[in-house]
Number of protein chains: 2
Amino acid sequence: MGHAPGRRPLRADARRNYDLVVGAAREVFADQGVGASLEEIARRAGVGSATLHRHFPSRRVLIEAVAHDHVETLCAKAEVRARENEPGPALFAWLRDLNDYAVSSRGLAASILHDGQDADLLEEDHGCQVMIIHAARELLRRAQRTDAVRPGIRAEDLLALVAAISLAAVHHADGEQAGRLLDIAIEGIRPRQEP
Amino acid sequence: MGHAPGRRPLRADARRNYDLVVGAAREVFADQGVGASLEEIARRAGVGSATLHRHFPSRRVLIEAVAHDHVETLCAKAEVRARENEPGPALFAWLRDLNDYAVSSRGLAASILHDGQDADLLEEDHGCQVMIIHAARELLRRAQRTDAVRPGIRAEDLLALVAAISLAAVHHADGEQAGRLLDIAIEGIRPRQEP
DNA sequence: AGAGTAACTGGAGAGCCACCCCAGTTGTCA
DNA sequence: TGACAACTGGGGTGGCTCTCCAGTTACTCT
């Protein structure tokens with residue numbers, strides 16, 4: 001589960017409120033997208049808005065807390081894909097996993113992939129952003145070793161592409177389009193001649 | 001230049017205010033992106049915010065008015081590209097033109113390409129959205145005729161892709177990445193074997 | 001020209017929002 | 001159990017979008 005960002009363990013009541021907010025945020029974001037009102041989230045969690053803002057100094061931090069579990073399983077899936085498939089197909093399949101999550105998450109994933117770049121308040125251990133890029137880099141490295149992907153492709157670009165595609169899909173409310181766009185992108189990173 | 005949306009010609013003062021607002025919006029959007037405050041725009045134009053809202057019932061309509069000229073020249077460029085190049089290269093070059101504009105427009109173009117889908121308040125003659133999709137369709141049709149582009153690719157998907165890429169770039173403030181992503185996309189729509 | 005009329009205006013206000021301050025409350029630990 | 005630091009939430013600030021309406025201003029008709 002999510003954990004406190006602070007140095008030493010939170011007091012019991014603070015911890016309880018932290019979790020209440022994350023739970024409420026999960027519901028509200030799912031309903032209304034990542035743009036939803038933070039006051040609404042505080043209201044549904046039954047805490048004052050000041051409490052929400054103290055625990056989560058920016059919308060981004062709250063989004064990370066909500067997405068943390070999903071992202072963790074997604075990265076675990078990357079390892080499974082790597083173990084059970086050839087490097088090329090492993091990467092492509094995982095990109096589809098990522099894309100599916102990104103499209104279904106109502107903008108959560110796009111948010112994480114997007115503006116997480118700057119050295120924000122990433123807890124040193126494992127911010128969502130960092131976990132995902134590690135997973136992507138590893139899969140890409142393997143795929144490039146076997147020439148299943150053109151050289152010169154960067155992991156950051158792949159993630160940016162998926163984020164962008166899912167944003168388009170969220171806006172158009174059209175999951176099928178996201179699939180087609182990802183197909184184009186995957187076709188675009190494969191080498192001209194199959195190895 | 002922009003023109004009034006209403007049925008019969010605007011009164012002289014109304015017309016003057018309309019143009020003042022569009023001018024101010026052009027500046028403010030360029031400074032701060034498409035998310036900028038509409039009140040700030042009204043302030044800079046020297047009109048009340050009610051006046052702005054009467055002329056432009058939604059942010060989207062104002063964005064269209066601001067972008068109209070740019071989009072017109074972009075579509076003219078499409079015809080030039082078609083006349084002076086082979087169909088494949090013409091499409092690819094124009095996609096780069098579009099992408100360059102989209103990236104430099106601070107989100108204007110992405111806005112137009114995105115949520116313009118629903119039958120909004122498009123003036124029947126030529127909404128920006130419509131002009132662009134016509135241009136794209138024509139270039140794509142020609143390219144597909146000569147097998148310079150895989151069949152099954154849709155014009156809407158190309159536009160969504162460019163919109164998405166430019167959004168990513170706007171967010172990352174990284175124009176080079178947009179170029180790389182577009183390269184991937186273009187590689188992805190070309191046929192496996194050159195004709 | 002001058003009056004009548006419809007078009008147009010902007011200040012003021014309603015209802016949102018994010019974010020902050022601080023007096024009061026509540027866990028925690030000696 | 002008492003004392004203190006951690007934590008809380010009501011209420012305030014300032015900004016946003018969008019609307020209402022009393023007043024102003026440009027066209028029009030004689």
# chains A, B, ... in the order shown; residues from 1 in each chain; ligands from 1
>>> residues_around(residues="Val149 in chain B", least_positions_apart="2", cutoff="9 Å", atoms="only C-alpha atoms (C1' of nucleotides)", output="PyMOL selection string")
chain B and resi 88+140+143-147+151+153+189-191
>>> interface_residues(of="chain A", to="chain B", cutoff="9 Å", atoms="only C-alpha atoms", output="ChimeraX atom specification")
/A:114-115,117,153,157-158,160-161,163-169,171-172,177-178,180-181,183-190,192-193
>>> write_last_selection(atoms="N, CA and C atoms", output="PDB file, in the first residue's frame")
ATOM      1  N   HIS A 114       4.153  11.773 -18.050  1.00  0.00           N
ATOM      2  CA  HIS A 114       4.457  13.107 -18.533  1.00  0.00           C
ATOM      3  C   HIS A 114       5.374  13.898 -17.646  1.00  0.00           C
ATOM      4  N   ASP A 115       4.766  14.544 -16.670  1.00  0.00           N
ATOM      5  CA  ASP A 115       5.500  15.594 -15.979  1.00  0.00           C
ATOM      6  C   ASP A 115       6.315  15.085 -14.805  1.00  0.00           C
ATOM      7  N   GLN A 117       9.210  14.050 -15.094  1.00  0.00           N
ATOM      8  CA  GLN A 117      10.616  14.184 -15.453  1.00  0.00           C
ATOM      9  C   GLN A 117      11.457  14.949 -14.434  1.00  0.00           C
ATOM     10  N   ILE A 153      16.520   4.064 -30.963  1.00  0.00           N
ATOM     11  CA  ILE A 153      15.257   4.274 -30.250  1.00  0.00           C
ATOM     12  C   ILE A 153      15.552   4.410 -28.761  1.00  0.00           C
ATOM     13  N   ASP A 157      11.460   7.878 -25.225  1.00  0.00           N
ATOM     14  CA  ASP A 157      10.584   8.179 -26.356  1.00  0.00           C
ATOM     15  C   ASP A 157       9.418   7.205 -26.409  1.00  0.00           C
ATOM     16  N   LEU A 158       9.693   5.947 -26.107  1.00  0.00           N
ATOM     17  CA  LEU A 158       8.609   4.968 -26.114  1.00  0.00           C
ATOM     18  C   LEU A 158       7.561   5.331 -25.076  1.00  0.00           C
ATOM     19  N   ALA A 160       7.007   8.294 -23.773  1.00  0.00           N
ATOM     20  CA  ALA A 160       6.329   9.527 -24.180  1.00  0.00           C
ATOM     21  C   ALA A 160       5.251   9.206 -25.212  1.00  0.00           C
ATOM     22  N   LEU A 161       5.584   8.266 -26.105  1.00  0.00           N
ATOM     23  CA  LEU A 161       4.638   7.905 -27.151  1.00  0.00           C
ATOM     24  C   LEU A 161       3.392   7.256 -26.557  1.00  0.00           C
ATOM     25  N   ALA A 163       2.307   7.583 -23.500  1.00  0.00           N
ATOM     26  CA  ALA A 163       1.586   8.618 -22.754  1.00  0.00           C
ATOM     27  C   ALA A 163       0.753   9.462 -23.710  1.00  0.00           C
ATOM     28  N   ALA A 164       1.374   9.860 -24.791  1.00  0.00           N
ATOM     29  CA  ALA A 164       0.692  10.711 -25.761  1.00  0.00           C
ATOM     30  C   ALA A 164      -0.515  10.000 -26.353  1.00  0.00           C
ATOM     31  N   ILE A 165      -0.316   8.740 -26.727  1.00  0.00           N
ATOM     32  CA  ILE A 165      -1.401   7.971 -27.320  1.00  0.00           C
ATOM     33  C   ILE A 165      -2.560   7.829 -26.340  1.00  0.00           C
ATOM     34  N   SER A 166      -2.232   7.554 -25.104  1.00  0.00           N
ATOM     35  CA  SER A 166      -3.320   7.341 -24.148  1.00  0.00           C
ATOM     36  C   SER A 166      -4.048   8.649 -23.874  1.00  0.00           C
ATOM     37  N   LEU A 167      -3.325   9.741 -23.906  1.00  0.00           N
ATOM     38  CA  LEU A 167      -3.980  11.042 -23.740  1.00  0.00           C
ATOM     39  C   LEU A 167      -4.971  11.292 -24.859  1.00  0.00           C
ATOM     40  N   ALA A 168      -4.550  10.995 -26.075  1.00  0.00           N
ATOM     41  CA  ALA A 168      -5.435  11.175 -27.219  1.00  0.00           C
ATOM     42  C   ALA A 168      -6.681  10.320 -27.030  1.00  0.00           C
ATOM     43  N   ALA A 169      -6.466   9.104 -26.569  1.00  0.00           N
ATOM     44  CA  ALA A 169      -7.594   8.190 -26.407  1.00  0.00           C
ATOM     45  C   ALA A 169      -8.522   8.646 -25.290  1.00  0.00           C
ATOM     46  N   HIS A 171      -9.053  11.605 -24.387  1.00  0.00           N
ATOM     47  CA  HIS A 171      -9.790  12.752 -24.896  1.00  0.00           C
ATOM     48  C   HIS A 171     -10.885  12.320 -25.861  1.00  0.00           C
ATOM     49  N   HIS A 172     -10.539  11.437 -26.759  1.00  0.00           N
ATOM     50  CA  HIS A 172     -11.521  10.967 -27.743  1.00  0.00           C
ATOM     51  C   HIS A 172     -12.452   9.918 -27.169  1.00  0.00           C
ATOM     52  N   GLN A 177      -8.894   3.416 -31.034  1.00  0.00           N
ATOM     53  CA  GLN A 177      -7.917   4.248 -31.710  1.00  0.00           C
ATOM     54  C   GLN A 177      -6.544   4.087 -31.062  1.00  0.00           C
ATOM     55  N   ALA A 178      -6.525   4.031 -29.738  1.00  0.00           N
ATOM     56  CA  ALA A 178      -5.247   3.877 -29.044  1.00  0.00           C
ATOM     57  C   ALA A 178      -4.533   2.621 -29.532  1.00  0.00           C
ATOM     58  N   ARG A 180      -4.794   1.188 -32.469  1.00  0.00           N
ATOM     59  CA  ARG A 180      -4.257   1.416 -33.818  1.00  0.00           C
ATOM     60  C   ARG A 180      -3.010   2.283 -33.772  1.00  0.00           C
ATOM     61  N   LEU A 181      -3.037   3.314 -32.938  1.00  0.00           N
ATOM     62  CA  LEU A 181      -1.872   4.200 -32.874  1.00  0.00           C
ATOM     63  C   LEU A 181      -0.660   3.456 -32.335  1.00  0.00           C
ATOM     64  N   ASP A 183      -0.110   0.304 -32.687  1.00  0.00           N
ATOM     65  CA  ASP A 183       0.361  -0.554 -33.779  1.00  0.00           C
ATOM     66  C   ASP A 183       1.306   0.221 -34.698  1.00  0.00           C
ATOM     67  N   ILE A 184       0.914   1.429 -35.013  1.00  0.00           N
ATOM     68  CA  ILE A 184       1.776   2.249 -35.869  1.00  0.00           C
ATOM     69  C   ILE A 184       3.120   2.474 -35.192  1.00  0.00           C
ATOM     70  N   ALA A 185       3.078   2.801 -33.920  1.00  0.00           N
ATOM     71  CA  ALA A 185       4.325   3.077 -33.207  1.00  0.00           C
ATOM     72  C   ALA A 185       5.219   1.843 -33.165  1.00  0.00           C
ATOM     73  N   ILE A 186       4.628   0.691 -32.908  1.00  0.00           N
ATOM     74  CA  ILE A 186       5.423  -0.531 -32.834  1.00  0.00           C
ATOM     75  C   ILE A 186       6.023  -0.862 -34.193  1.00  0.00           C
ATOM     76  N   GLU A 187       5.199  -0.708 -35.203  1.00  0.00           N
ATOM     77  CA  GLU A 187       5.717  -0.918 -36.561  1.00  0.00           C
ATOM     78  C   GLU A 187       6.893   0.042 -36.817  1.00  0.00           C
ATOM     79  N   GLY A 188       6.785   1.217 -36.231  1.00  0.00           N
ATOM     80  CA  GLY A 188       7.806   2.240 -36.456  1.00  0.00           C
ATOM     81  C   GLY A 188       9.118   2.007 -35.739  1.00  0.00           C
ATOM     82  N   ILE A 189       9.119   1.156 -34.753  1.00  0.00           N
ATOM     83  CA  ILE A 189      10.391   0.918 -34.059  1.00  0.00           C
ATOM     84  C   ILE A 189      11.036  -0.399 -34.466  1.00  0.00           C
ATOM     85  N   ARG A 190      10.319  -1.182 -35.251  1.00  0.00           N
ATOM     86  CA  ARG A 190      10.924  -2.441 -35.722  1.00  0.00           C
ATOM     87  C   ARG A 190      11.898  -2.141 -36.854  1.00  0.00           C
ATOM     88  N   ARG A 192      13.764  -2.413 -40.479  1.00  0.00           N
ATOM     89  CA  ARG A 192      13.201  -2.591 -41.821  1.00  0.00           C
ATOM     90  C   ARG A 192      13.207  -4.067 -42.229  1.00  0.00           C
ATOM     91  N   GLN A 193      14.335  -4.715 -42.054  1.00  0.00           N
ATOM     92  CA  GLN A 193      14.437  -6.138 -42.392  1.00  0.00           C
ATOM     93  C   GLN A 193      14.359  -6.959 -41.111  1.00  0.00           C
TER      94      GLN A 193
END
>>> atom_distance(atom1="CA of Ser111 in chain A", atom2="CA of Ala67 in chain A")
10.3 Å
>>> residues_around(residues="range 15-30 of chain C", least_positions_apart="6", cutoff="12 Å", atoms="only C-alpha atoms (C1' of nucleotides)", output="PyMOL selection string")
(chain A and resi 10-15+35-40+49-54+56-59) or (chain D and resi 1-19)
>>> closest_residue(among="B:Val34, B:Arg43, B:Cys128, B:Glu27", to="chain C", atoms="only C-alpha atoms (C1' of nucleotides)")
B:Arg43
>>> interface_residues(of="chain C", to="chain B", cutoff="10 Å", atoms="only C-alpha atoms (C1' of nucleotides)", output="list in words")
DA7, DC8, DT9, DG10 and DG11 of chain C
>>> atom_distance(atom1="CA of Arg141 in chain B", atom2="CA of Arg150 in chain A")
28.1 Å
>>> select_by_dssp(residues="chain B", states="alpha helix (DSSP H)", output="PyMOL selection string")
chain B and resi 12-32+38-45+49-55+59-84+87-104+108-115+128-145+155-172+175-189
>>> write_last_selection(atoms="C-alpha atoms", output="tab-separated table (two decimals), in the first residue's frame")
chain	number	residue	atom	x	y	z
B	12	ALA	CA	-18.69	48.33	-35.73
B	13	ASP	CA	-17.85	48.48	-32.03
B	14	ALA	CA	-18.56	44.79	-31.53
B	15	ARG	CA	-16.33	43.93	-34.43
B	16	ARG	CA	-13.56	46.08	-32.99
B	17	ASN	CA	-13.80	44.34	-29.64
B	18	TYR	CA	-13.86	40.93	-31.30
B	19	ASP	CA	-10.58	41.71	-33.02
B	20	LEU	CA	-9.05	43.17	-29.88
B	21	VAL	CA	-9.80	39.99	-27.99
B	22	VAL	CA	-8.37	37.75	-30.70
B	23	GLY	CA	-5.21	39.84	-30.74
B	24	ALA	CA	-4.81	39.73	-26.99
B	25	ALA	CA	-5.51	36.00	-26.96
B	26	ARG	CA	-2.82	35.43	-29.55
B	27	GLU	CA	-0.28	37.13	-27.30
B	28	VAL	CA	-1.37	35.54	-24.06
B	29	PHE	CA	-1.67	32.03	-25.48
B	30	ALA	CA	1.82	32.39	-26.96
B	31	ASP	CA	3.13	33.46	-23.56
B	32	GLN	CA	1.34	31.05	-21.30
B	38	LEU	CA	-9.55	34.18	-20.10
B	39	GLU	CA	-9.90	37.08	-17.69
B	40	GLU	CA	-6.28	37.94	-18.29
B	41	ILE	CA	-7.00	38.01	-22.00
B	42	ALA	CA	-10.02	40.27	-21.54
B	43	ARG	CA	-7.94	42.52	-19.30
B	44	ARG	CA	-5.19	42.80	-21.85
B	45	ALA	CA	-7.70	43.45	-24.61
B	49	SER	CA	-14.89	39.56	-19.36
B	50	ALA	CA	-18.57	39.41	-20.26
B	51	THR	CA	-17.72	40.74	-23.69
B	52	LEU	CA	-15.16	38.05	-24.23
B	53	HIS	CA	-17.60	35.35	-23.19
B	54	ARG	CA	-20.35	36.70	-25.40
B	55	HIS	CA	-18.17	36.61	-28.50
B	59	ARG	CA	-12.31	28.50	-24.91
B	60	ARG	CA	-12.32	26.28	-27.95
B	61	VAL	CA	-14.04	28.86	-30.15
B	62	LEU	CA	-11.48	31.48	-29.17
B	63	ILE	CA	-8.64	29.09	-29.90
B	64	GLU	CA	-10.05	28.42	-33.35
B	65	ALA	CA	-10.30	32.12	-34.05
B	66	VAL	CA	-6.69	32.65	-33.02
B	67	ALA	CA	-5.36	29.73	-35.01
B	68	HIS	CA	-7.45	30.28	-38.11
B	69	ASP	CA	-4.83	32.09	-40.19
B	70	HIS	CA	-2.02	29.72	-39.33
B	71	VAL	CA	-4.16	26.75	-40.20
B	72	GLU	CA	-5.14	28.28	-43.49
B	73	THR	CA	-1.54	28.72	-44.58
B	74	LEU	CA	-0.75	25.23	-43.36
B	75	CYS	CA	-3.44	23.81	-45.59
B	76	ALA	CA	-2.23	25.88	-48.50
B	77	LYS	CA	1.18	24.34	-47.90
B	78	ALA	CA	-0.39	20.91	-48.25
B	79	GLU	CA	-1.37	21.74	-51.80
B	80	VAL	CA	2.10	23.00	-52.57
B	81	ARG	CA	3.63	19.83	-51.18
B	82	ALA	CA	1.26	17.74	-53.26
B	83	ARG	CA	2.15	19.64	-56.43
B	84	GLU	CA	5.91	19.63	-55.98
B	87	PRO	CA	2.89	11.51	-53.02
B	88	GLY	CA	4.81	9.71	-50.26
B	89	PRO	CA	7.34	12.43	-49.54
B	90	ALA	CA	4.60	15.05	-49.88
B	91	LEU	CA	2.62	13.46	-47.06
B	92	PHE	CA	5.65	12.96	-44.85
B	93	ALA	CA	6.91	16.50	-45.38
B	94	TRP	CA	3.50	17.94	-44.59
B	95	LEU	CA	3.22	15.88	-41.45
B	96	ARG	CA	6.46	17.50	-40.39
B	97	ASP	CA	5.06	20.91	-41.23
B	98	LEU	CA	2.02	20.14	-39.13
B	99	ASN	CA	4.11	18.80	-36.31
B	100	ASP	CA	6.36	21.87	-36.31
B	101	TYR	CA	3.36	24.12	-36.06
B	102	ALA	CA	1.75	21.98	-33.40
B	103	VAL	CA	4.86	22.00	-31.25
B	104	SER	CA	5.44	25.73	-31.61
B	108	LEU	CA	-3.22	25.55	-29.74
B	109	ALA	CA	-2.94	22.99	-32.49
B	110	ALA	CA	-3.30	20.05	-30.16
B	111	SER	CA	-6.47	21.61	-28.82
B	112	ILE	CA	-7.90	22.00	-32.29
B	113	LEU	CA	-6.98	18.50	-33.37
B	114	HIS	CA	-8.24	16.95	-30.17
B	115	ASP	CA	-11.64	17.91	-29.03
B	128	CYS	CA	-9.91	24.69	-38.53
B	129	GLN	CA	-10.50	21.08	-37.66
B	130	VAL	CA	-12.29	20.45	-40.95
B	131	MET	CA	-9.71	22.21	-43.09
B	132	ILE	CA	-6.90	20.17	-41.62
B	133	ILE	CA	-8.63	16.86	-41.97
B	134	HIS	CA	-9.45	17.55	-45.60
B	135	ALA	CA	-5.81	18.36	-46.31
B	136	ALA	CA	-4.62	15.25	-44.51
B	137	ARG	CA	-7.10	12.97	-46.22
B	138	GLU	CA	-6.14	14.16	-49.67
B	139	LEU	CA	-2.40	13.72	-49.09
B	140	LEU	CA	-2.95	10.31	-47.54
B	141	ARG	CA	-5.19	9.16	-50.39
B	142	ARG	CA	-2.51	9.99	-52.93
B	143	ALA	CA	0.23	8.36	-50.91
B	144	GLN	CA	-1.77	5.18	-50.51
B	145	ARG	CA	-2.46	5.06	-54.26
B	155	ALA	CA	-6.18	10.22	-41.64
B	156	GLU	CA	-7.80	10.74	-38.23
B	157	ASP	CA	-5.17	8.51	-36.70
B	158	LEU	CA	-2.35	10.50	-38.24
B	159	LEU	CA	-3.79	13.71	-36.86
B	160	ALA	CA	-4.36	12.19	-33.45
B	161	LEU	CA	-0.77	11.02	-33.46
B	162	VAL	CA	0.61	14.44	-34.30
B	163	ALA	CA	-1.64	16.05	-31.71
B	164	ALA	CA	-0.49	13.56	-29.12
B	165	ILE	CA	3.17	14.00	-29.98
B	166	SER	CA	2.96	17.76	-29.83
B	167	LEU	CA	1.21	17.56	-26.48
B	168	ALA	CA	4.01	15.43	-25.12
B	169	ALA	CA	6.53	17.92	-26.45
B	170	VAL	CA	4.68	20.90	-25.02
B	171	HIS	CA	4.71	19.22	-21.67
B	172	HIS	CA	8.35	18.22	-21.81
B	175	GLY	CA	11.00	20.05	-29.46
B	176	GLU	CA	13.65	17.54	-30.44
B	177	GLN	CA	11.79	14.69	-28.88
B	178	ALA	CA	8.76	15.57	-30.97
B	179	GLY	CA	10.90	15.17	-34.07
B	180	ARG	CA	12.08	11.74	-32.99
B	181	LEU	CA	8.57	10.60	-32.16
B	182	LEU	CA	7.30	11.76	-35.53
B	183	ASP	CA	10.12	9.84	-37.20
B	184	ILE	CA	8.93	6.71	-35.45
B	185	ALA	CA	5.36	7.37	-36.52
B	186	ILE	CA	6.33	7.97	-40.14
B	187	GLU	CA	8.45	4.84	-40.17
B	188	GLY	CA	5.41	3.08	-38.80
B	189	ILE	CA	3.07	4.03	-41.60
>>> atom_distance(atom1="CA of Gly127 in chain B", atom2="CA of Arg106 in chain B")
19.6 Å
>>> decode(residues="range 123-151 of chain B", atoms="N, CA and C atoms", output="compact mmCIF listing (two decimals), in the first residue's frame")
# COMPACT_ATOMS: atom_id res chain seq x y z
N GLU B 123 -18.55 26.72 -37.75
CA GLU B 123 -19.16 27.49 -38.83
C GLU B 123 -19.13 26.58 -40.05
N GLU B 124 -20.23 26.49 -40.74
CA GLU B 124 -20.29 25.49 -41.80
C GLU B 124 -19.15 25.59 -42.80
N ASP B 125 -18.74 26.83 -43.13
CA ASP B 125 -17.76 27.00 -44.21
C ASP B 125 -16.43 26.29 -43.96
N HIS B 126 -15.66 26.74 -42.93
CA HIS B 126 -14.37 26.10 -42.74
C HIS B 126 -13.84 26.26 -41.33
N GLY B 127 -14.25 25.36 -40.45
CA GLY B 127 -13.61 25.26 -39.14
C GLY B 127 -12.20 24.76 -39.34
N CYS B 128 -11.31 25.09 -38.42
CA CYS B 128 -9.91 24.69 -38.53
C CYS B 128 -9.78 23.18 -38.63
N GLN B 129 -10.42 22.53 -37.72
CA GLN B 129 -10.50 21.08 -37.66
C GLN B 129 -10.80 20.47 -39.04
N VAL B 130 -11.86 21.00 -39.66
CA VAL B 130 -12.29 20.45 -40.95
C VAL B 130 -11.27 20.70 -42.05
N MET B 131 -10.71 21.90 -42.07
CA MET B 131 -9.71 22.21 -43.09
C MET B 131 -8.54 21.25 -43.00
N ILE B 132 -8.07 21.03 -41.78
CA ILE B 132 -6.90 20.17 -41.62
C ILE B 132 -7.20 18.74 -42.03
N ILE B 133 -8.37 18.26 -41.65
CA ILE B 133 -8.63 16.86 -41.97
C ILE B 133 -8.79 16.66 -43.46
N HIS B 134 -9.35 17.66 -44.14
CA HIS B 134 -9.45 17.55 -45.60
C HIS B 134 -8.06 17.47 -46.21
N ALA B 135 -7.17 18.35 -45.77
CA ALA B 135 -5.81 18.36 -46.31
C ALA B 135 -5.14 17.01 -46.07
N ALA B 136 -5.28 16.51 -44.85
CA ALA B 136 -4.62 15.25 -44.51
C ALA B 136 -5.17 14.10 -45.34
N ARG B 137 -6.48 14.06 -45.46
CA ARG B 137 -7.10 12.97 -46.22
C ARG B 137 -6.61 12.93 -47.66
N GLU B 138 -6.54 14.10 -48.27
CA GLU B 138 -6.14 14.16 -49.67
C GLU B 138 -4.70 13.67 -49.84
N LEU B 139 -3.80 14.15 -48.98
CA LEU B 139 -2.40 13.72 -49.09
C LEU B 139 -2.27 12.22 -48.83
N LEU B 140 -3.03 11.73 -47.87
CA LEU B 140 -2.95 10.31 -47.54
C LEU B 140 -3.48 9.45 -48.70
N ARG B 141 -4.58 9.91 -49.28
CA ARG B 141 -5.19 9.16 -50.39
C ARG B 141 -4.16 8.97 -51.51
N ARG B 142 -3.50 10.08 -51.85
CA ARG B 142 -2.51 9.99 -52.93
C ARG B 142 -1.36 9.06 -52.56
N ALA B 143 -0.90 9.18 -51.32
CA ALA B 143 0.23 8.36 -50.91
C ALA B 143 -0.14 6.88 -50.93
N GLN B 144 -1.37 6.59 -50.52
CA GLN B 144 -1.77 5.18 -50.51
C GLN B 144 -1.93 4.64 -51.92
N ARG B 145 -2.33 5.49 -52.87
CA ARG B 145 -2.46 5.06 -54.26
C ARG B 145 -1.16 4.56 -54.82
N THR B 146 -0.08 5.19 -54.44
CA THR B 146 1.22 4.77 -54.97
C THR B 146 1.91 3.82 -54.00
N ASP B 147 1.17 3.30 -53.04
CA ASP B 147 1.73 2.35 -52.08
C ASP B 147 2.91 2.91 -51.31
N ALA B 148 2.90 4.21 -51.08
CA ALA B 148 3.96 4.81 -50.28
C ALA B 148 3.60 4.74 -48.80
N VAL B 149 2.35 4.37 -48.53
CA VAL B 149 1.88 4.22 -47.16
C VAL B 149 1.06 2.94 -47.07
N ARG B 150 1.22 2.24 -45.95
CA ARG B 150 0.46 1.01 -45.79
C ARG B 150 -1.04 1.28 -45.86
N PRO B 151 -1.80 0.34 -46.43
CA PRO B 151 -3.25 0.51 -46.40
C PRO B 151 -3.72 0.30 -44.95
